[in-house]
$ cat start-v9.json   # JSON, C-alpha atoms
[["chain", "number", "residue", "atom", "x", "y", "z"],
["A", 1, "MET", "CA", 71.97, 95.00, 87.87],
["A", 2, "ASN", "CA", 68.41, 95.55, 86.69],
["A", 3, "VAL", "CA", 66.62, 98.82, 85.97],
["A", 4, "LEU", "CA", 64.85, 98.92, 89.34],
["A", 5, "ASN", "CA", 68.15, 98.77, 91.20],
["A", 6, "ARG", "CA", 69.56, 101.59, 89.10],
["A", 7, "ILE", "CA", 66.51, 103.80, 89.68],
["A", 8, "THR", "CA", 66.60, 103.14, 93.44],
["A", 9, "MET", "CA", 70.31, 103.89, 93.70],
["A", 10, "PHE", "CA", 69.96, 107.06, 91.63],
["A", 11, "PHE", "CA", 67.04, 108.25, 93.77],
["A", 12, "PHE", "CA", 68.89, 107.82, 97.04],
["A", 13, "LEU", "CA", 72.02, 109.33, 95.52],
["A", 14, "ILE", "CA", 70.13, 112.53, 94.66],
["A", 15, "VAL", "CA", 68.44, 112.69, 98.08],
["A", 16, "PHE", "CA", 71.62, 112.22, 100.07],
["A", 17, "ILE", "CA", 73.61, 114.63, 97.89],
["A", 18, "ALA", "CA", 70.91, 117.28, 98.41],
["A", 19, "ILE", "CA", 70.91, 116.74, 102.18],
["A", 20, "GLY", "CA", 74.71, 116.79, 102.27],
["A", 21, "LEU", "CA", 74.95, 120.03, 100.27],
["A", 22, "PHE", "CA", 72.34, 121.67, 102.51],
["A", 23, "LEU", "CA", 74.23, 120.72, 105.67],
["A", 24, "ILE", "CA", 77.51, 121.98, 104.19],
["A", 25, "ALA", "CA", 75.82, 125.26, 103.29],
["A", 26, "VAL", "CA", 74.49, 125.60, 106.84],
["A", 27, "SER", "CA", 77.93, 124.88, 108.33],
["A", 28, "VAL", "CA", 79.62, 127.63, 106.27],
["A", 29, "ARG", "CA", 76.74, 130.05, 106.95],
["A", 30, "SER", "CA", 75.87, 130.43, 103.30],
["A", 31, "VAL", "CA", 72.19, 129.76, 104.03],
["A", 32, "GLU", "CA", 70.27, 132.55, 105.69],
["A", 33, "SER", "CA", 67.73, 131.58, 108.29],
["A", 34, "GLU", "CA", 65.11, 134.11, 107.22],
["A", 35, "PRO", "CA", 64.24, 132.50, 103.84],
["A", 36, "VAL", "CA", 64.03, 129.10, 105.52],
["A", 37, "LEU", "CA", 61.72, 130.42, 108.21],
["A", 38, "ASN", "CA", 59.59, 132.19, 105.60],
["A", 39, "ALA", "CA", 59.30, 128.93, 103.62],
["A", 40, "LEU", "CA", 58.22, 127.08, 106.76],
["A", 41, "ASP", "CA", 55.65, 129.77, 107.54],
["A", 42, "SER", "CA", 54.28, 129.56, 104.01],
["A", 43, "ILE", "CA", 53.91, 125.79, 104.33],
["A", 44, "ASN", "CA", 52.17, 126.10, 107.69],
["A", 45, "GLN", "CA", 49.72, 128.66, 106.35],
["A", 46, "SER", "CA", 48.75, 126.65, 103.28],
["A", 47, "MET", "CA", 46.77, 123.45, 103.61],
["A", 48, "THR", "CA", 47.78, 122.37, 100.11],
["A", 49, "LEU", "CA", 51.49, 122.74, 100.85],
["A", 50, "ARG", "CA", 51.15, 120.90, 104.14],
["A", 51, "VAL", "CA", 49.41, 118.01, 102.41],
["A", 52, "GLY", "CA", 52.01, 117.96, 99.64],
["A", 53, "VAL", "CA", 54.93, 117.95, 102.09],
["A", 54, "GLY", "CA", 53.25, 115.21, 104.12],
["A", 55, "VAL", "CA", 52.69, 113.07, 101.03],
["A", 56, "VAL", "CA", 56.33, 113.51, 99.94],
["A", 57, "GLY", "CA", 57.58, 112.57, 103.41],
["A", 58, "PHE", "CA", 55.28, 109.54, 103.51],
["A", 59, "LEU", "CA", 56.46, 108.40, 100.08],
["A", 60, "LEU", "CA", 60.10, 108.79, 101.13],
["A", 61, "VAL", "CA", 59.50, 106.59, 104.17],
["A", 62, "ILE", "CA", 57.68, 103.95, 102.08],
["A", 63, "VAL", "CA", 60.31, 103.93, 99.33],
["A", 64, "SER", "CA", 63.16, 103.71, 101.87],
["A", 65, "TRP", "CA", 61.53, 100.81, 103.68],
["A", 66, "ALA", "CA", 60.75, 98.99, 100.44],
["A", 67, "ALA", "CA", 64.32, 99.45, 99.22],
["A", 68, "TYR", "CA", 65.63, 98.10, 102.51],
["A", 69, "GLN", "CA", 63.38, 95.03, 102.34],
["A", 70, "PHE", "CA", 64.29, 94.44, 98.71],
["A", 71, "THR", "CA", 68.03, 94.66, 99.48],
["A", 72, "VAL", "CA", 67.79, 92.31, 102.46],
["A", 73, "ALA", "CA", 65.72, 89.79, 100.48],
["A", 74, "ARG", "CA", 68.18, 89.90, 97.61],
["A", 75, "ILE", "CA", 71.13, 89.31, 99.94],
["A", 76, "GLN", "CA", 69.32, 86.36, 101.51],
["A", 77, "ARG", "CA", 68.62, 84.88, 98.08],
["A", 78, "GLN", "CA", 72.26, 85.29, 97.11],
["A", 79, "LYS", "CA", 73.47, 83.54, 100.27],
["A", 80, "ASN", "CA", 71.31, 80.44, 99.85],
["A", 81, "ILE", "CA", 70.79, 77.72, 97.28],
["A", 82, "ALA", "CA", 67.36, 76.14, 97.04],
["A", 83, "PHE", "CA", 66.21, 73.14, 95.04],
["A", 84, "ASN", "CA", 63.16, 70.92, 95.11],
["A", 85, "ASN", "CA", 63.10, 67.30, 96.21],
["A", 86, "PRO", "CA", 60.08, 65.01, 95.88],
["A", 87, "ASP", "CA", 59.38, 65.50, 99.60],
["A", 88, "GLY", "CA", 59.85, 69.27, 99.64],
["A", 89, "GLN", "CA", 62.22, 72.18, 99.11],
["A", 90, "VAL", "CA", 65.82, 72.05, 100.35],
["A", 91, "SER", "CA", 67.79, 75.19, 101.17],
["A", 92, "ILE", "CA", 71.57, 75.22, 101.64],
["A", 93, "SER", "CA", 73.40, 78.14, 103.19],
["A", 94, "LEU", "CA", 76.37, 79.27, 101.14],
["A", 95, "SER", "CA", 78.33, 79.77, 104.36],
["A", 96, "ALA", "CA", 78.40, 75.96, 104.64],
["A", 97, "ILE", "CA", 79.87, 75.77, 101.14],
["A", 98, "GLU", "CA", 82.43, 78.44, 102.07],
["A", 99, "GLU", "CA", 83.53, 76.33, 105.04],
["A", 100, "PHE", "CA", 83.68, 73.26, 102.78],
["A", 101, "ILE", "CA", 85.96, 75.11, 100.35],
["A", 102, "ARG", "CA", 88.19, 76.23, 103.24],
["A", 103, "LYS", "CA", 88.67, 72.60, 104.26],
["A", 104, "ILE", "CA", 89.54, 71.71, 100.66],
["A", 105, "GLY", "CA", 92.25, 74.37, 100.71],
["A", 106, "SER", "CA", 93.66, 73.15, 104.02],
["A", 107, "SER", "CA", 94.23, 69.72, 102.46],
["A", 108, "LEU", "CA", 96.45, 71.10, 99.68],
["A", 109, "PRO", "CA", 100.17, 71.23, 100.59],
["A", 110, "GLU", "CA", 100.88, 74.36, 98.54],
["A", 111, "VAL", "CA", 98.12, 76.39, 100.24],
["A", 112, "LYS", "CA", 98.69, 78.07, 103.59],
["A", 113, "GLU", "CA", 95.26, 79.71, 103.89],
["A", 114, "LEU", "CA", 92.12, 79.84, 101.75],
["A", 115, "LYS", "CA", 88.90, 81.79, 102.26],
["A", 116, "SER", "CA", 85.93, 82.12, 99.91],
["A", 117, "ASP", "CA", 82.81, 84.22, 99.40],
["A", 118, "CYS", "CA", 79.97, 82.51, 97.53],
["A", 119, "ILE", "CA", 77.05, 84.23, 95.82],
["A", 120, "ALA", "CA", 74.16, 82.55, 94.04],
["A", 121, "THR", "CA", 73.14, 84.40, 90.87],
["A", 122, "LYS", "CA", 70.87, 83.65, 87.95],
["A", 123, "LYS", "CA", 73.93, 82.54, 85.98],
["A", 124, "GLY", "CA", 75.07, 80.05, 88.63],
["A", 125, "ILE", "CA", 77.33, 80.12, 91.69],
["A", 126, "ASP", "CA", 79.99, 82.81, 91.81],
["A", 127, "ILE", "CA", 82.90, 81.95, 94.13],
["A", 128, "SER", "CA", 85.56, 84.53, 94.97],
["A", 129, "THR", "CA", 88.51, 82.87, 96.67],
["A", 130, "ARG", "CA", 91.38, 84.54, 98.52],
["A", 131, "VAL", "CA", 94.46, 82.35, 98.76],
["A", 132, "VAL", "CA", 97.77, 82.55, 100.61],
["A", 133, "PHE", "CA", 100.33, 80.33, 98.86],
["A", 134, "TRP", "CA", 103.59, 79.00, 100.13],
["A", 135, "ALA", "CA", 106.61, 80.40, 98.29],
["A", 136, "ASP", "CA", 107.51, 77.05, 96.72],
["A", 137, "ALA", "CA", 104.11, 76.74, 95.00],
["A", 138, "ASN", "CA", 103.70, 77.01, 91.23],
["A", 139, "ILE", "CA", 100.95, 79.63, 91.17],
["A", 140, "PRO", "CA", 99.55, 79.02, 87.63],
["A", 141, "GLU", "CA", 99.33, 75.28, 88.19],
["A", 142, "SER", "CA", 98.10, 75.61, 91.76],
["A", 143, "THR", "CA", 95.33, 78.08, 90.91],
["A", 144, "GLU", "CA", 94.13, 75.88, 88.05],
["A", 145, "LYS", "CA", 94.21, 72.90, 90.38],
["A", 146, "ILE", "CA", 92.16, 74.71, 93.02],
["A", 147, "GLN", "CA", 89.57, 75.86, 90.48],
["A", 148, "GLY", "CA", 89.15, 72.35, 89.13],
["A", 149, "ILE", "CA", 88.91, 70.68, 92.54],
["A", 150, "VAL", "CA", 86.47, 73.25, 93.98],
["A", 151, "LYS", "CA", 84.22, 73.12, 90.93],
["A", 152, "ALA", "CA", 84.18, 69.32, 90.80],
["A", 153, "LYS", "CA", 83.62, 68.88, 94.55],
["A", 154, "ILE", "CA", 80.74, 71.36, 94.72],
["A", 155, "GLN", "CA", 78.99, 69.92, 91.66],
["A", 156, "GLU", "CA", 79.38, 66.44, 93.12],
["A", 157, "MET", "CA", 78.17, 67.49, 96.56],
["A", 158, "LEU", "CA", 75.15, 69.53, 95.43],
["A", 159, "GLY", "CA", 74.26, 67.55, 92.32],
["A", 160, "ILE", "CA", 73.58, 70.69, 90.26],
["A", 161, "ASP", "CA", 74.27, 71.51, 86.65],
["A", 162, "GLU", "CA", 74.45, 75.31, 87.04],
["A", 163, "PRO", "CA", 77.74, 76.93, 86.08],
["A", 164, "ILE", "CA", 80.23, 77.38, 88.92],
["A", 165, "ILE", "CA", 82.65, 80.25, 88.46],
["A", 166, "VAL", "CA", 85.72, 80.15, 90.71],
["A", 167, "LYS", "CA", 87.72, 83.38, 90.85],
["A", 168, "ILE", "CA", 91.03, 83.33, 92.72],
["A", 169, "HIS", "CA", 92.87, 86.28, 94.21],
["A", 170, "VAL", "CA", 96.34, 85.60, 95.61],
["A", 171, "THR", "CA", 96.65, 87.86, 98.64],
["A", 172, "LYS", "CA", 100.03, 86.78, 99.95],
["A", 173, "ILE", "CA", 102.97, 84.46, 99.34],
["A", 174, "ALA", "CA", 104.33, 83.07, 102.59],
["A", 175, "THR", "CA", 107.73, 81.59, 103.34],
["A", 176, "ARG", "CA", 108.00, 78.34, 105.18],
["A", 177, "THR", "CA", 109.89, 78.64, 108.44],
["A", 178, "GLU", "CA", 112.35, 75.84, 109.07],
["A", 179, "PRO", "CA", 112.46, 74.50, 112.62],
["A", 180, "LYS", "CA", 115.52, 75.65, 114.49],
["A", 181, "PRO", "CA", 117.88, 72.91, 115.70],
["A", 182, "VAL", "CA", 117.73, 72.22, 119.40],
["A", 183, "VAL", "CA", 120.98, 73.21, 121.08],
["A", 184, "LYS", "CA", 121.78, 71.32, 124.24],
["A", 185, "LYS", "CA", 122.97, 73.47, 127.04],
["A", 186, "GLY", "CA", 126.28, 72.20, 128.42],
["A", 187, "LYS", "CA", 128.25, 69.19, 127.34],
["A", 188, "ASP", "CA", 127.76, 65.70, 128.49],
["A", 189, "LYS", "CA", 130.51, 64.82, 130.84],
["A", 190, "GLU", "CA", 131.93, 61.34, 130.61],
["A", 191, "ASP", "CA", 132.82, 59.54, 133.76],
["A", 192, "VAL", "CA", 136.55, 59.00, 133.84],
["A", 193, "SER", "CA", 137.54, 55.94, 135.82],
["A", 194, "LEU", "CA", 141.03, 55.86, 137.19],
["A", 195, "PRO", "CA", 143.08, 52.78, 136.24],
["A", 196, "PHE", "CA", 144.14, 52.30, 139.79],
["A", 197, "GLY", "CA", 142.58, 52.33, 143.16],
["A", 198, "GLY", "CA", 143.44, 54.51, 146.05],
["A", 199, "VAL", "CA", 146.75, 54.02, 147.79],
["A", 200, "ASP", "CA", 147.08, 54.02, 151.53],
["A", 201, "PHE", "CA", 150.35, 55.75, 152.37],
["A", 202, "ARG", "CA", 150.04, 54.99, 156.06],
["A", 203, "GLY", "CA", 152.31, 52.31, 157.36],
["A", 204, "GLU", "CA", 150.95, 49.12, 158.76]]
$ encode --input "start-v9.json" --output "structure tokens"
Amino acid sequence: MNVLNRITMFFFLIVFIAIGLFLIAVSVRSVESEPVLNALDSINQSMTLRVGVGVVGFLLVIVSWAAYQFTVARIQRQKNIAFNNPDGQVSISLSAIEEFIRKIGSSLPEVKELKSDCIATKKGIDISTRVVFWADANIPESTEKIQGIVKAKIQEMLGIDEPIIVKIHVTKIATRTEPKPVVKKGKDKEDVSLPFGGVDFRGE
């Protein structure tokens, strides 16, 4: 985090804390209305104070808007990878890479579910992966296997040399459910054939 981000966060922290404390004071009736009204009257009666308050309000609006634009632009940069080809620039959404990683996880027998969040930084691509393993998986070996496969596949797909950091967080260990045997209702009845035919007891 650079210095500009720290200054912006500190500025908004102070502003919101001040507004919050003022509202709390109003709710518990610890702020009298008369001093506030007198301060407003003093501002209205002085051109210098009105100009100063207007300038401060204008600066707050400008700084807030600039901070919003800066934050949105930074998020967009972090969610895309761009590189130059001879015919022009190519931009790849990291959501596509996240879906690619999910499909890699679905192909591994020891993984039940895998989801990733990718961020592009100056140091490379930072991948945070949440994994649900089956109970019969060897977690140390499986996590190392996933890290190696994801890193190799992404480098091969994108053709980049930037470092790829794969962090894994095991969120759950699931138990495989064995299919229940199908129980047939009723028993098969065998046809029993009598060894003799019917007898006619009537006389001829």
$ atom_distance --input "start-v9.json" --atom1 "atom CA of A:Ile149" --atom2 "atom CA of A:Ala120"
19.0 Å
$ residues_around --input "start-v9.json" --residues "stretch 124-137 of chain A" --least-positions-apart "5" --cutoff "6 Å" --atoms "only C-alpha atoms" --output "number ranges by chain"
A: 110-119, 162-175
$ write_last_selection --input "start-v9.json" --atoms "C-alpha atoms" --output "mmCIF file, in the frame of the given file"
data_model
loop_
_atom_site.group_PDB
_atom_site.id
_atom_site.type_symbol
_atom_site.label_atom_id
_atom_site.label_comp_id
_atom_site.auth_asym_id
_atom_site.auth_seq_id
_atom_site.Cartn_x
_atom_site.Cartn_y
_atom_site.Cartn_z
ATOM 1 C CA GLU A 110 100.880 74.360 98.540
ATOM 2 C CA VAL A 111 98.120 76.390 100.240
ATOM 3 C CA LYS A 112 98.690 78.070 103.590
ATOM 4 C CA GLU A 113 95.260 79.710 103.890
ATOM 5 C CA LEU A 114 92.120 79.840 101.750
ATOM 6 C CA LYS A 115 88.900 81.790 102.260
ATOM 7 C CA SER A 116 85.930 82.120 99.910
ATOM 8 C CA ASP A 117 82.810 84.220 99.400
ATOM 9 C CA CYS A 118 79.970 82.510 97.530
ATOM 10 C CA ILE A 119 77.050 84.230 95.820
ATOM 11 C CA GLU A 162 74.450 75.310 87.040
ATOM 12 C CA PRO A 163 77.740 76.930 86.080
ATOM 13 C CA ILE A 164 80.230 77.380 88.920
ATOM 14 C CA ILE A 165 82.650 80.250 88.460
ATOM 15 C CA VAL A 166 85.720 80.150 90.710
ATOM 16 C CA LYS A 167 87.720 83.380 90.850
ATOM 17 C CA ILE A 168 91.030 83.330 92.720
ATOM 18 C CA HIS A 169 92.870 86.280 94.210
ATOM 19 C CA VAL A 170 96.340 85.600 95.610
ATOM 20 C CA THR A 171 96.650 87.860 98.640
ATOM 21 C CA LYS A 172 100.030 86.780 99.950
ATOM 22 C CA ILE A 173 102.970 84.460 99.340
ATOM 23 C CA ALA A 174 104.330 83.070 102.590
ATOM 24 C CA THR A 175 107.730 81.590 103.340
#
$ residues_around --input "start-v9.json" --residues "A:Ile160" --least-positions-apart "2" --cutoff "12 Å" --atoms "all atoms listed in the file" --output "ChimeraX atom specification"
/A:81-84,124-125,151-158,162-164
$ axis_aligned_box --input "start-v9.json" --around "stretch 94-101 of chain A" --padding-each-side "6 Å" --output "AutoDock Vina command-line options"
--center_x 81.2 --center_y 76.5 --center_z 102.7 --size_x 21.6 --size_y 18.5 --size_z 16.7
$ closest_residue --input "start-v9.json" --among "A:Ile139, A:Leu49, A:Val150, A:Asn85" --to "A:Glu98" --atoms "only C-alpha atoms"
A:Val150
$ atom_distance --input "start-v9.json" --atom1 "atom CA of A:Ser142" --atom2 "atom CA of A:Ser93"
27.3 Å
$ atom_distance --input "start-v9.json" --atom1 "atom CA of A:Gln69" --atom2 "atom CA of A:Leu21"
27.6 Å
$ build_atoms --input "start-v9.json" --residues "stretch 25-44 of chain A" --atoms "N, CA and C atoms" --output "CSV table (one decimal), in the frame of the given file"
chain,number,residue,atom,x,y,z
A,25,ALA,N,76.2,123.8,103.4
A,25,ALA,CA,75.8,125.3,103.3
A,25,ALA,C,75.5,125.9,104.6
A,26,VAL,N,74.8,125.1,105.5
A,26,VAL,CA,74.5,125.6,106.8
A,26,VAL,C,75.8,125.8,107.7
A,27,SER,N,76.7,124.8,107.5
A,27,SER,CA,77.9,124.9,108.3
A,27,SER,C,78.8,126.1,108.0
A,28,VAL,N,78.8,126.5,106.7
A,28,VAL,CA,79.6,127.6,106.3
A,28,VAL,C,78.8,128.9,106.3
A,29,ARG,N,77.6,128.9,106.8
A,29,ARG,CA,76.7,130.0,107.0
A,29,ARG,C,76.4,130.7,105.6
A,30,SER,N,76.3,129.9,104.6
A,30,SER,CA,75.9,130.4,103.3
A,30,SER,C,74.4,130.4,103.1
A,31,VAL,N,73.7,129.8,104.1
A,31,VAL,CA,72.2,129.8,104.0
A,31,VAL,C,71.6,130.7,105.1
A,32,GLU,N,70.9,131.6,104.7
A,32,GLU,CA,70.3,132.6,105.7
A,32,GLU,C,69.0,131.9,106.3
A,33,SER,N,68.8,132.2,107.6
A,33,SER,CA,67.7,131.6,108.3
A,33,SER,C,66.4,132.2,107.9
A,34,GLU,N,66.4,133.4,107.5
A,34,GLU,CA,65.1,134.1,107.2
A,34,GLU,C,64.4,133.5,106.1
A,35,PRO,N,65.0,133.2,104.9
A,35,PRO,CA,64.2,132.5,103.8
A,35,PRO,C,63.7,131.1,104.3
A,36,VAL,N,64.5,130.4,105.1
A,36,VAL,CA,64.0,129.1,105.5
A,36,VAL,C,62.8,129.2,106.4
A,37,LEU,N,62.9,130.2,107.3
A,37,LEU,CA,61.7,130.4,108.2
A,37,LEU,C,60.5,130.9,107.4
A,38,ASN,N,60.7,131.7,106.4
A,38,ASN,CA,59.6,132.2,105.6
A,38,ASN,C,59.0,131.0,104.8
A,39,ALA,N,59.8,130.1,104.3
A,39,ALA,CA,59.3,128.9,103.6
A,39,ALA,C,58.5,128.0,104.6
A,40,LEU,N,59.0,127.9,105.8
A,40,LEU,CA,58.2,127.1,106.8
A,40,LEU,C,56.9,127.7,107.1
A,41,ASP,N,56.9,129.1,107.2
A,41,ASP,CA,55.6,129.8,107.5
A,41,ASP,C,54.7,129.6,106.4
A,42,SER,N,55.2,129.7,105.2
A,42,SER,CA,54.3,129.6,104.0
A,42,SER,C,53.6,128.2,104.0
A,43,ILE,N,54.5,127.2,104.3
A,43,ILE,CA,53.9,125.8,104.3
A,43,ILE,C,52.9,125.6,105.4
A,44,ASN,N,53.1,126.2,106.6
A,44,ASN,CA,52.2,126.1,107.7
A,44,ASN,C,50.9,126.8,107.4
